[in-house]
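Encoded as structure tokens, the structure appears first; notes follow it.
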Amino acid sequence: MREYTALAFALQEKDSLLSLERLADRMEHALGECLWDPERRFLVDRFADGTRETHLYAGALLAGHLGLLDEAKLRAMLHTARSCLVDSALGVRNAWPADFHLLVERYRFHGNEAGPPYRYLNGGVWPHGNAWFCLLLDRVGDRRRALELLSRWAAVRNVLASPGGQAAMFEYRVADKADSLGYGRVDKPQFTWAAGWFLYALYWLYGIRENAWNIYLDPLLPDGQQSFEATIWIRGQPVEVRLDGKGSWAEAIRFDGTPQNTLVLPSAGPAPAAIGVTLGHLREPYLARATAAVGSVRFSPGPSPQMTLCLIAFPGHRSETLIHSPYPAREVHCGDSAIPSWRNEPFRDGFRILIQHVHHTELDTLAVRF
């Protein structure tokens, strides 16, 4: 729904956008209220009669990646997944408990189409579940562990080295530890579509990201890795992205060699042919994220530094903006009006400046003074 409103706005189809955004807010709230099971600490489906489903499904992990739950629920769901769904050697089972073979009539299966225990739909390990679990780890702040597990469970060389493994992009793997000959066996090793979520997760975990409004970077390099290079397509043009350095902040950001103060790609004008980010110390403020299209970002250093942001969205849209800075903000204005909903949040050796405001016009200009 949020993606639809952003796309419709970009296409100048502006009817009912605010009401659709409010509907998305209510749907997101209802997801946590209606499907959250406080006893199992997981999102659990309901049957038509209102009773709760008796199984946990890996698909619920995707809600964590999409930011549809608060942090307490995310961490609780992660703990439950580790206890019930994760096989540390192979990955994430798609369902638990593995008893669909006993519930053929209840679920209206055609015979034993779900498979024996820990095979196929009945608790087998599927590649997309592996990606979703790793993306949930990233959401709770453990990105390095997420990259480690993604490599263990999905990289071809590690699939080959695991129990019953072979070099494959697979449909699923047998997760029955009681079957010494079958445990880890790969089914359909030619399923190259399995690489889809693997590649998505790789891009995401290295920090090439998107939301409904923007493409943005949140770069990180694992310990021991000196650089990362990838190609993405922006407005029909290939863009080479290179990360190097070491640290948690962007020390230098360059678009086609020109210094920038934004990791969010502006929506206007041609895309740069090359983006370079060097990790290291936090030298100057930079825009890290925005839930509105970004027209431009300007930073003026000096005795009274100021960052000026042009944000584009429909009137009434609630926008959230994140700036990383070596020093706190003093005040934030939209046009001539002070914005009350913002805060400085100390983080590592710098500050995260979080700004919330409701768009008055399609083009709002924010001034952040330091």
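Chain labels A, B, ... are given in the sequence in which chains occur in the structure tokens; within each chain residues are numbered consecutively from 1, and ligands are likewise numbered from 1 in the order shown.
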
Could you pull out the residues in region 19-259 of chain A that DSSP calls alpha helix (DSSP H) from the backbone, as a count of residues only? 83

Would you pick out the contacts of Ile234 (chain A) at 10 Å or less, using only C-alpha atoms, so that residues sharing its chain but fewer than 6 positions from it are not included, and give the list as a PyMOL selection string? chain A and resi 215+265+267+270-273

Non-local contacts of Gly276 (chain A) (8 Å; only C-alpha atoms; under 6 positions in same chain excluded) as a list in words: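 The residues that qualify are Val241, Arg242, Leu243, Ala252, Ile253, Arg254, Phe255, Asp256 and Gly257 of chain A.
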
Serialized selection, N, CA and C atoms, as a short mmCIF file (atom, residue, chain, number, x, y, z; two decimals), in the first residue's frame:
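Generated output (again-v8.cif):
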```cif
data_model
loop_
_atom_site.label_atom_id
_atom_site.label_comp_id
_atom_site.auth_asym_id
_atom_site.auth_seq_id
_atom_site.Cartn_x
_atom_site.Cartn_y
_atom_site.Cartn_z
N VAL A 241 28.60 0.91 -7.80
CA VAL A 241 28.71 1.26 -6.38
C VAL A 241 29.95 0.59 -5.82
N ARG A 242 30.77 1.37 -5.13
CA ARG A 242 31.97 0.82 -4.51
C ARG A 242 32.04 1.28 -3.05
N LEU A 243 32.25 0.33 -2.15
CA LEU A 243 32.47 0.61 -0.74
C LEU A 243 33.90 0.24 -0.39
N ALA A 252 33.40 9.57 3.67
CA ALA A 252 33.39 10.31 2.40
C ALA A 252 32.37 9.67 1.48
N ILE A 253 31.55 10.51 0.84
CA ILE A 253 30.53 10.06 -0.12
C ILE A 253 30.77 10.82 -1.42
N ARG A 254 30.83 10.10 -2.53
CA ARG A 254 31.12 10.73 -3.82
C ARG A 254 30.15 10.20 -4.88
N PHE A 255 29.55 11.12 -5.63
CA PHE A 255 28.78 10.78 -6.82
C PHE A 255 29.59 11.26 -8.02
N ASP A 256 30.04 10.33 -8.85
CA ASP A 256 30.90 10.68 -9.99
C ASP A 256 32.10 11.52 -9.54
N GLY A 257 32.64 11.17 -8.38
CA GLY A 257 33.83 11.84 -7.86
C GLY A 257 33.57 13.12 -7.11
#
```

Apply DSSP to the backbone of this structure and, from region 205-288 of chain A, keep only the residues in strand (DSSP E); write these as an MDAnalysis selection string. chainID A and resid 208:210 215:217 227:234 237:245 249:255 258:259 274:280 286:288

Could you pull the residues within 7 Å of Arg289 (chain A), counting only C-alpha atoms, minus those fewer than 6 positions along the same chain, as a JSON list (two decimals) with C-alpha atoms, in the first residue's frame?
```json
[["chain", "number", "residue", "atom", "x", "y", "z"],
["A", 216, "TYR", "CA", 19.62, 4.73, -0.38],
["A", 264, "VAL", "CA", 19.88, 8.90, -0.25],
["A", 321, "THR", "CA", 14.11, 11.81, 8.05],
["A", 322, "LEU", "CA", 17.36, 10.51, 9.55]]
```

Quick one: residues within 10 Å of Leu135 (chain A), only C-alpha atoms counted, chain neighbours fewer than 3 positions away excluded, as a ChimeraX atom specification? /A:61-62,64-66,129-132,138-143,146-147,150,200-202,204-205

Selected residues written out, C-alpha atoms, as an mmCIF file, in the first residue's frame:
```
data_model
loop_
_atom_site.group_PDB
_atom_site.id
_atom_site.type_symbol
_atom_site.label_atom_id
_atom_site.label_comp_id
_atom_site.auth_asym_id
_atom_site.auth_seq_id
_atom_site.Cartn_x
_atom_site.Cartn_y
_atom_site.Cartn_z
ATOM 1 C CA LEU A 61 9.986 -13.381 9.518
ATOM 2 C CA LEU A 62 9.450 -11.120 6.521
ATOM 3 C CA GLY A 64 10.400 -8.116 10.695
ATOM 4 C CA HIS A 65 12.455 -7.144 7.671
ATOM 5 C CA LEU A 66 9.674 -4.849 6.465
ATOM 6 C CA GLY A 129 13.451 -18.546 4.671
ATOM 7 C CA ASN A 130 17.215 -18.366 5.102
ATOM 8 C CA ALA A 131 17.250 -14.890 3.581
ATOM 9 C CA TRP A 132 14.294 -13.708 5.672
ATOM 10 C CA ASP A 138 19.824 -7.075 10.389
ATOM 11 C CA ARG A 139 16.645 -5.349 11.537
ATOM 12 C CA VAL A 140 17.593 -5.918 15.199
ATOM 13 C CA GLY A 141 21.115 -4.612 14.583
ATOM 14 C CA ASP A 142 23.153 -7.795 14.044
ATOM 15 C CA ARG A 143 24.131 -7.331 10.417
ATOM 16 C CA ALA A 146 23.384 -11.955 9.271
ATOM 17 C CA LEU A 147 26.108 -11.879 6.611
ATOM 18 C CA LEU A 150 23.749 -15.992 4.784
ATOM 19 C CA TYR A 200 18.434 -9.415 -2.569
ATOM 20 C CA ALA A 201 19.774 -10.152 0.916
ATOM 21 C CA LEU A 202 23.386 -9.638 -0.198
ATOM 22 C CA TRP A 204 20.584 -5.288 1.442
ATOM 23 C CA LEU A 205 23.146 -6.466 4.002
#
```

Just want the 12 Å neighbourhood of Arg40 (chain A), counted on only C-alpha atoms, with same-chain residues fewer than 4 positions away dropped. Output as number ranges by chain. A: 35-36, 44, 52-56, 73, 76-81, 83-84, 96

Which residues come within 12 Å of Glu229 (chain A), counting only C-alpha atoms, excluding same-chain residues fewer than 4 positions away, as a count of residues only? 18

Between A:Leu11, A:Ala72, A:Leu137, A:Leu217, which has the minimum distance to Ile232 (chain A) (counting only C-alpha atoms)? A:Leu217

Report, in Å to a single decimal, how far apart CA of Asp218 (chain A) and CA of Phe370 (chain A) are.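 Separating CA of Phe370 (chain A) from CA of Asp218 (chain A) is a distance of 22.8 Å.
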